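With mmCIF, C-alpha atoms inside, this is entry.cif:
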data_structure
loop_
_atom_site.label_atom_id
_atom_site.label_comp_id
_atom_site.auth_asym_id
_atom_site.auth_seq_id
_atom_site.Cartn_x
_atom_site.Cartn_y
_atom_site.Cartn_z
CA MET A 19 11.06 -27.94 35.50
CA GLU A 20 11.92 -25.12 37.83
CA GLU A 21 14.47 -23.87 35.30
CA GLN A 22 11.80 -23.83 32.60
CA TYR A 23 9.46 -21.97 34.90
CA GLN A 24 12.09 -19.38 35.73
CA GLN A 25 12.94 -18.99 32.05
CA ALA A 26 9.26 -18.43 31.25
CA ILE A 27 8.99 -15.75 33.94
CA ARG A 28 12.20 -14.09 32.71
CA TYR A 29 11.04 -13.94 29.08
CA TRP A 30 7.57 -12.79 30.06
CA THR A 31 8.92 -10.03 32.29
CA LEU A 32 10.89 -8.63 29.35
CA ALA A 33 8.03 -8.92 26.84
CA GLN A 34 5.25 -7.80 29.18
CA PRO A 35 5.57 -3.98 28.70
CA VAL A 36 5.18 -4.33 24.92
CA VAL A 37 2.34 -6.85 25.15
CA SER A 38 0.62 -4.69 27.76
CA ALA A 39 0.83 -1.60 25.53
CA TYR A 40 -0.50 -3.60 22.57
CA VAL A 41 -3.45 -4.79 24.64
CA ALA A 42 -4.07 -1.22 25.83
CA ALA A 43 -4.13 -0.08 22.19
CA ILE A 44 -7.06 -2.37 21.47
CA VAL A 45 -8.80 -2.81 24.84
CA ARG A 46 -9.58 0.77 25.84
CA ASP A 47 -10.80 0.31 29.39
CA PHE A 48 -7.91 0.11 31.85
CA ARG A 49 -9.59 -2.47 34.06
CA ASP A 50 -10.53 -4.64 31.09
CA ARG A 51 -6.94 -4.33 29.90
CA ASP A 52 -5.79 -5.70 33.26
CA ASP A 53 -8.16 -8.66 32.95
CA VAL A 54 -7.04 -9.45 29.39
CA LEU A 55 -3.39 -9.11 30.37
CA GLN A 56 -3.89 -11.54 33.25
CA ALA A 57 -5.49 -14.04 30.86
CA ILE A 58 -2.53 -13.62 28.48
CA SER A 59 -0.02 -14.12 31.34
CA VAL A 60 -1.67 -17.41 32.26
CA ALA A 61 -1.89 -18.55 28.62
CA VAL A 62 1.77 -17.66 27.98
CA LEU A 63 2.98 -19.57 31.02
CA GLU A 64 0.74 -22.55 30.26
CA ALA A 65 1.91 -22.73 26.64
CA PHE A 66 5.56 -22.03 27.36
CA SER A 67 6.60 -25.66 26.88
CA SER A 68 5.62 -25.31 23.21
CA TYR A 69 7.73 -22.17 22.70
CA ASP A 70 10.78 -22.65 20.45
CA THR A 71 13.59 -20.81 22.26
CA ALA A 72 15.45 -20.40 18.98
CA ARG A 73 12.82 -17.88 17.92
CA PRO A 74 12.14 -14.41 19.41
CA PHE A 75 9.80 -14.53 22.39
CA THR A 76 7.84 -11.30 21.99
CA PRO A 77 6.21 -12.18 18.62
CA TRP A 78 5.26 -15.58 20.07
CA ALA A 79 3.68 -13.92 23.11
CA MET A 80 1.97 -11.39 20.84
CA GLY A 81 0.35 -14.29 18.96
CA ILE A 82 -1.18 -15.46 22.22
CA ALA A 83 -2.19 -11.87 23.03
CA ARG A 84 -4.01 -11.57 19.70
CA ASN A 85 -6.00 -14.72 20.43
CA GLN A 86 -6.96 -13.49 23.88
CA ILE A 87 -7.93 -10.04 22.55
CA GLY A 88 -10.06 -11.75 19.89
CA THR A 89 -11.88 -13.68 22.60
CA TYR A 90 -12.39 -10.49 24.63
CA LEU A 91 -13.79 -8.57 21.65
CA ARG A 92 -16.19 -11.39 20.77
CA GLU A 93 -17.42 -11.66 24.36
CA ARG A 94 -17.90 -7.91 24.74
CA LYS A 95 -19.60 -7.54 21.35
CA ARG A 96 -17.33 -4.58 20.63
CA ASN A 97 -19.57 -1.95 22.15
CA ARG A 98 -16.84 0.72 21.91
CA LEU A 99 -14.91 2.07 18.99
CA VAL A 100 -11.99 -0.17 18.11
CA PHE A 101 -9.68 -0.54 15.13
CA ASP A 102 -10.46 -2.85 12.23
CA VAL A 103 -8.62 -6.16 11.84
CA GLU A 104 -6.10 -4.81 9.32
CA THR A 105 -5.06 -1.99 11.68
CA VAL A 106 -4.87 -4.38 14.63
CA ASP A 107 -2.55 -6.66 12.62
CA LEU A 108 -0.36 -3.74 11.50
CA LEU A 109 -0.09 -2.56 15.08
CA ALA A 110 0.91 -6.05 16.22
CA VAL A 111 3.84 -5.93 13.78
CA ALA A 112 4.81 -2.44 14.98
CA PHE A 113 4.74 -3.53 18.64
CA GLU A 114 6.77 -6.65 17.87
CA GLN A 115 9.51 -4.43 16.44
CA ILE A 116 9.88 -2.39 19.62
CA ASP A 117 13.20 -3.45 21.10
CA SER A 118 14.20 -3.75 24.73
CA ALA A 119 16.23 -0.51 24.54
CA GLN A 120 13.02 1.35 23.76
CA THR A 121 11.20 -0.13 26.74
CA ARG A 122 14.21 0.43 29.02
CA LYS A 123 14.09 4.16 28.20
CA LEU A 124 10.73 4.28 29.94
CA ASP A 125 12.47 3.49 33.22
CA PHE A 126 13.23 7.23 33.26
CA LEU A 127 9.51 7.98 33.45
CA GLN A 128 9.48 7.92 37.24
CA ASP A 129 12.15 10.64 37.42
CA CYS A 130 10.38 12.71 34.79
CA LEU A 131 7.04 12.39 36.59
CA ALA A 132 8.69 13.60 39.78
CA LYS A 133 9.49 16.86 37.99
CA LEU A 134 5.84 17.54 37.20
CA GLU A 135 4.30 20.05 39.56
CA GLY A 136 1.00 21.76 40.31
CA ARG A 137 -1.78 21.50 37.77
CA ALA A 138 0.26 19.32 35.40
CA ARG A 139 0.80 16.72 38.12
CA GLN A 140 -2.84 16.92 39.14
CA LEU A 141 -4.11 16.41 35.58
CA CYS A 142 -1.77 13.48 35.09
CA GLU A 143 -2.93 11.80 38.28
CA LEU A 144 -6.61 12.38 37.59
CA ARG A 145 -6.14 10.85 34.15
CA TYR A 146 -3.92 7.90 35.06
CA HIS A 147 -4.59 7.23 38.73
CA SER A 148 -8.32 7.97 38.83
CA ASP A 149 -8.86 6.93 35.19
CA LEU A 150 -10.90 10.03 34.40
CA LYS A 151 -11.37 11.26 30.83
CA PRO A 152 -10.86 14.95 29.88
CA ALA A 153 -14.57 15.76 30.15
CA ALA A 154 -14.77 14.40 33.72
CA ILE A 155 -11.53 16.11 34.71
CA GLY A 156 -12.83 19.35 33.23
CA SER A 157 -16.01 19.08 35.31
CA LEU A 158 -14.02 18.55 38.48
CA LEU A 159 -11.54 21.35 37.91
CA GLY A 160 -13.76 23.83 36.13
CA MET A 161 -11.85 23.55 32.86
CA ALA A 162 -13.11 23.03 29.32
CA PRO A 163 -12.62 19.40 28.16
CA ASN A 164 -10.63 20.64 25.17
CA THR A 165 -8.28 22.58 27.46
CA VAL A 166 -7.75 19.45 29.57
CA ALA A 167 -7.08 17.37 26.44
CA LYS A 168 -4.55 19.92 25.14
CA SER A 169 -2.87 20.06 28.55
CA LEU A 170 -2.59 16.27 28.71
CA GLN A 171 -1.11 16.29 25.21
CA ARG A 172 1.53 18.85 26.31
CA ILE A 173 2.29 16.88 29.49
CA ARG A 174 2.89 13.69 27.50
CA ASP A 175 5.11 15.64 25.09
CA GLN A 176 7.11 16.99 28.02
CA LEU A 177 7.47 13.53 29.53
CA ARG A 178 8.54 12.09 26.18
CA GLN A 179 11.19 14.80 25.77
CA CYS A 180 12.39 14.34 29.34
CA ILE A 181 12.73 10.57 28.82
CA GLU A 182 14.66 11.06 25.57
CA ARG A 183 16.92 13.65 27.21
CA ASN A 184 17.71 11.41 30.18
CA ALA A 185 18.30 8.39 27.92
CA ALA A 186 20.67 10.43 25.75
CA LEU A 187 22.52 11.67 28.84
CA GLU A 188 22.92 8.12 30.13
CA GLY A 189 24.01 6.95 26.69
CA GLY A 190 26.66 9.66 26.61
CA GLN A 191 27.95 8.69 30.03
CA SER A 192 28.25 4.95 29.36
CA MET B 15 3.95 13.17 10.47
CA ILE B 16 0.87 15.17 9.51
CA PRO B 17 0.18 17.92 12.07
CA ASP B 18 -3.14 16.43 13.12
CA ALA B 19 -1.74 12.94 13.66
CA ARG B 20 -0.37 13.70 17.13
CA GLU B 21 -3.73 15.19 18.10
CA LEU B 22 -5.50 12.11 16.79
CA ILE B 23 -3.17 9.85 18.77
CA ASP B 24 -3.67 11.87 21.94
CA GLY B 25 -7.42 11.90 21.33
CA TYR B 26 -7.31 8.13 21.09
CA LEU B 27 -5.31 7.86 24.31
CA ASP B 28 -7.95 9.92 26.10
CA ASP B 29 -10.85 8.10 24.47
CA ALA B 30 -12.05 11.36 22.94
CA LEU B 31 -12.23 10.60 19.19
CA THR B 32 -15.37 10.65 17.11
CA ALA B 33 -16.04 7.75 14.73
CA ASP B 34 -14.72 9.85 11.83
CA GLN B 35 -11.55 10.75 13.69
CA GLN B 36 -11.07 7.10 14.64
CA ALA B 37 -11.33 6.15 10.96
CA GLU B 38 -8.87 8.94 10.10
CA LEU B 39 -6.38 7.63 12.67
CA SER B 40 -6.81 4.09 11.39
CA ALA B 41 -6.13 5.24 7.81
CA TRP B 42 -3.04 7.15 8.97
CA ILE B 43 -1.68 4.04 10.75
CA LYS B 44 -2.28 1.92 7.65
CA ALA B 45 -0.64 4.47 5.34
CA ASN B 46 2.89 3.76 6.54
CA PRO B 47 4.55 1.25 8.89
CA LYS B 48 6.42 4.19 10.43
CA ASN B 49 3.09 5.66 11.48
CA ALA B 50 2.14 2.40 13.18
CA ARG B 51 5.47 2.55 14.99
CA ILE B 52 4.84 6.14 16.17
CA PHE B 53 1.43 5.10 17.45
CA ALA B 54 2.91 2.04 19.20
CA GLU B 55 5.52 4.19 20.97
CA ALA B 56 2.82 6.61 22.14
CA MET B 57 0.84 3.66 23.51
CA LEU B 58 3.94 2.38 25.28
CA LEU B 59 4.27 5.67 27.21
CA HIS B 60 0.52 5.84 27.87
CA ASP B 61 0.47 2.31 29.23
CA ARG B 62 3.54 2.86 31.41
CA LEU B 63 1.96 6.03 32.81
CA ARG B 64 -1.07 4.05 33.82
CA ASN B 65 1.02 1.27 35.32
CA THR B 66 3.10 3.78 37.27
CA LEU B 67 0.36 6.10 38.52
CA GLY B 68 -2.56 3.68 38.52
CA THR B 69 -1.12 1.44 41.22
CA ALA B 70 0.14 4.28 43.42
CA GLU B 71 -1.61 5.21 46.64
CA THR B 72 -3.99 8.17 46.31
CA PRO B 73 -1.63 10.87 45.03
CA ASN B 74 -1.30 14.08 46.99
CA ALA B 75 -1.78 16.25 43.93
CA ILE B 76 -5.40 15.13 43.59
CA LEU B 77 -6.32 16.11 47.11
CA PRO B 78 -5.71 19.89 46.85
CA SER B 79 -8.47 19.97 44.25
CA LEU B 80 -10.89 19.30 47.09
CA THR B 81 -10.10 22.78 48.41
CA ILE B 82 -11.18 24.97 45.59
CA GLU B 83 -10.80 28.06 47.75
CA SER B 84 -9.53 28.54 51.28
CA PRO B 85 -12.12 29.21 54.04
CA ARG B 86 -10.90 32.80 54.14
CA ASP B 87 -11.57 33.17 50.42
CA TRP B 88 -15.01 31.68 50.91
CA LEU B 89 -15.89 34.18 53.63
CA GLY B 90 -14.40 37.09 51.78
CA SER B 91 -16.22 36.46 48.55
CA SER B 92 -19.45 35.02 49.92
CA TRP B 93 -21.23 38.41 49.80
CA LEU B 94 -20.63 38.51 46.10
CA MET B 95 -21.87 35.02 45.39
CA SER B 96 -25.44 34.37 44.54
CA SER B 97 -27.30 31.59 46.32
CA LEU B 98 -27.24 29.59 43.13
CA THR B 99 -23.47 29.93 42.81
CA ARG B 100 -22.95 28.87 46.42
CA ALA B 101 -25.24 25.86 46.00
CA THR B 102 -23.45 24.86 42.79
CA ALA B 103 -20.04 25.22 44.44
CA ALA B 104 -21.16 23.15 47.44
CA ALA B 105 -22.52 20.44 45.15
CA ALA B 106 -19.29 20.46 43.15
CA MET B 107 -17.26 20.10 46.36
CA LEU B 108 -19.41 17.16 47.46
CA ILE B 109 -19.20 15.46 44.08
CA LEU B 110 -15.46 16.06 43.98
CA GLY B 111 -14.98 14.51 47.40
CA LEU B 112 -17.15 11.51 46.62
CA ALA B 113 -15.50 11.02 43.23
CA THR B 114 -12.02 11.14 44.73
CA LEU B 115 -13.02 8.69 47.47
CA TRP B 116 -14.77 6.39 45.02
CA PHE B 117 -11.90 6.28 42.54
CA SER B 118 -9.23 5.90 45.19
CA ILE B 119 -11.08 2.99 46.79
CA GLY B 120 -11.82 1.41 43.41
CA THR B 121 -8.22 1.64 42.23
CA GLN B 122 -6.77 0.31 45.43
CA THR B 123 -9.24 -2.56 45.40
CA ALA B 124 -8.36 -3.35 41.79
CA SER B 125 -4.65 -3.20 42.60
CA ALA B 126 -5.12 -5.51 45.54
CA ALA B 127 -7.18 -7.86 43.37
CA ILE B 128 -4.47 -7.88 40.72
CA ARG B 129 -1.79 -8.62 43.30
CA GLU B 130 -3.91 -11.45 44.67
CA LEU B 131 -4.48 -12.79 41.17
CA ASP B 132 -0.76 -12.65 40.48
CA ARG B 133 -0.17 -14.71 43.59
CA ILE B 134 -2.80 -17.25 42.53
CA ILE B 135 -1.36 -17.47 39.02
CA VAL B 136 2.17 -18.02 40.26
CA ASN B 137 1.06 -20.66 42.77
CA GLY B 138 -1.11 -22.32 40.12
CA MET B 139 1.71 -22.41 37.61
CA ARG B 140 4.14 -23.78 40.14
CA THR B 141 1.69 -26.53 41.01
CA LYS B 142 0.99 -27.20 37.34
CA ILE B 143 4.62 -27.73 36.46
CA GLY B 144 5.23 -29.81 39.55
CA LEU B 145 6.91 -27.41 41.95
CA SER B 146 6.06 -27.30 45.61
CA LYS B 147 4.70 -24.04 46.96
CA SER B 148 7.27 -21.85 48.63
#
Can the structure from this file be put into structure tokens for me?
Amino acid sequence: MEEQYQQAIRYWTLAQPVVSAYVAAIVRDFRDRDDVLQAISVAVLEAFSSYDTARPFTPWAMGIARNQIGTYLRERKRNRLVFDVETVDLLAVAFEQIDSAQTRKLDFLQDCLAKLEGRARQLCELRYHSDLKPAAIGSLLGMAPNTVAKSLQRIRDQLRQCIERNAALEGGQS
Amino acid sequence: MIPDARELIDGYLDDALTADQQAELSAWIKANPKNARIFAEAMLLHDRLRNTLGTAETPNAILPSLTIESPRDWLGSSWLMSSLTRATAAAAMLILGLATLWFSIGTQTASAAIRELDRIIVNGMRTKIGLSKS
């Protein structure tokens, strides 16, 4: 039993970044995303005995995630803009195809974030630590919302390039 | 990728799209599986950013925003500021301080709650599958 439990935790730990991003794509509020992700974690661990280990784990976990997201959307009456069912299904397929190498690349994010300084760092933290949207950040810092949005777009581009660069460097060294 | 697609994706990440733009993004995703993949990868970074920064202690970079100008700057420029400007600046400083305090407390509380929930889940699952608590 303990072996099965450890196996479930191991599989879930590997799949969790992809499932989490998929949930975030549909459930827009960060705190709601956390709640839905917790519900998925419990459901995955509870249902693990029915998982066929001969099949890939992430698509199986994504199936559970889709059920939990469906429940969330029904309960919340979809009071915010969300994608239609066809888009949600297409996205599920796209997320399922993300391999572990892709998620491992994101381990470089911490180093890349450490290189951000000044206003870029501040914008990033207000957006992702304080969960403020561009309009709220603009009010706080005396910037136009559009300027904040453009800046955040550039920061994410920089981080993406930094991650790719570091991953390529590591790939060249190994 | 169409030039506007990256802007639409970033708009989605920041919850800043209109209904029309949301429909445009949805149509773009449906147009090609590669587009869905690009969107998924953008979400992956966005989500990791939140997981990395969202659970951190109140970051230092937020705090300097509380000091819009140094006291010396305030004194030096105060003669030029109208009463209305000064009142607006003071209100902004107060709101900024309260907002920072509010969000830092809220995030830390949420993080603590999540950690506690994780502990409960793990203990619950161990009990459920017949393991003794460690």
### Task
Using CA of Arg84 (chain A) and CA of Val41 (chain A) as the two end points, give the distance in Å to one decimal.
8.4 Å
I need the residue set behind the PyMOL selection byres ((chain A) within 7 of (chain B)) for this file; please write it as an mmCIF file with C-alpha atoms, keeping the file's coordinate frame.
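Output (selection26.cif):
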data_model
loop_
_atom_site.group_PDB
_atom_site.id
_atom_site.type_symbol
_atom_site.label_atom_id
_atom_site.label_comp_id
_atom_site.auth_asym_id
_atom_site.auth_seq_id
_atom_site.Cartn_x
_atom_site.Cartn_y
_atom_site.Cartn_z
ATOM 1 C CA MET A 19 11.060 -27.940 35.500
ATOM 2 C CA GLU A 20 11.920 -25.120 37.830
ATOM 3 C CA VAL A 36 5.180 -4.330 24.920
ATOM 4 C CA ALA A 39 0.830 -1.600 25.530
ATOM 5 C CA ALA A 42 -4.070 -1.220 25.830
ATOM 6 C CA ALA A 43 -4.130 -0.080 22.190
ATOM 7 C CA VAL A 60 -1.670 -17.410 32.260
ATOM 8 C CA PHE A 101 -9.680 -0.540 15.130
ATOM 9 C CA THR A 105 -5.060 -1.990 11.680
ATOM 10 C CA LEU A 108 -0.360 -3.740 11.500
ATOM 11 C CA LEU A 109 -0.090 -2.560 15.080
ATOM 12 C CA ALA A 112 4.810 -2.440 14.980
ATOM 13 C CA PHE A 113 4.740 -3.530 18.640
ATOM 14 C CA ARG A 139 0.800 16.720 38.120
ATOM 15 C CA GLN A 140 -2.840 16.920 39.140
ATOM 16 C CA GLU A 143 -2.930 11.800 38.280
ATOM 17 C CA LEU A 144 -6.610 12.380 37.590
ATOM 18 C CA TYR A 146 -3.920 7.900 35.060
ATOM 19 C CA HIS A 147 -4.590 7.230 38.730
ATOM 20 C CA SER A 148 -8.320 7.970 38.830
ATOM 21 C CA LYS A 151 -11.370 11.260 30.830
ATOM 22 C CA PRO A 152 -10.860 14.950 29.880
ATOM 23 C CA LEU A 158 -14.020 18.550 38.480
ATOM 24 C CA GLN A 171 -1.110 16.290 25.210
#
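Among A:Asp53, A:Glu182, A:Asp175, A:Glu21, the residue with the shortest atom-to-atom distance to Ala119 (chain A), counting only C-alpha atoms, is A:Glu182.
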### Query
Looking at all atoms listed in the file, which of A:Asp107, A:Phe48, A:Tyr69, A:Ile116 is the one that sits closest to Gln34 (chain A)?
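Comparing A:Asp107, A:Phe48, A:Tyr69, A:Ile116 against Gln34 (chain A), the winner is A:Ile116.
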### Message
Just the number, please: distance in Å from CA of Ala138 (chain A) to CA of Ser38 (chain A), one decimal.
### Response
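If I compute the distance from CA of Ala138 (chain A) to CA of Ser38 (chain A), I get 25.2 Å.
CA of Ala45 (chain B) to CA of Ala79 (chain A) spans 25.9 Å [interatomic distance, one decimal].
Selection by the PyMOL selection byres ((chain A and resi 31) around 12) on the present file picks out Gln24, Gln25, Ala26, Ile27, Arg28, Tyr29, Trp30, Leu32, Ala33, Gln34, Pro35, Val36, Val37, Ser38, Ser59, Val62, Leu63, Phe75, Thr76, Ala79, Ser118 and Thr121 of chain A.
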### Task
Would you kindly return, as a PyMOL selection string, each protein, DNA or RNA residue with an atom no farther than 12 Å from any atom of Glu93 (chain A), considering all atoms listed in the file and excluding same-chain residues fewer than 6 positions away?
chain A and resi 50+54+86-87
What are the centre and edge lengths in Å, to one decimal, of the axis-aligned box around all listed atoms of region 102-115 of chain A with 4 Å added on each side, as lines of an AutoDock Vina configuration file?
center_x = -0.5
center_y = -4.3
center_z = 14.0
size_x = 28.0
size_y = 12.7
size_z = 17.3
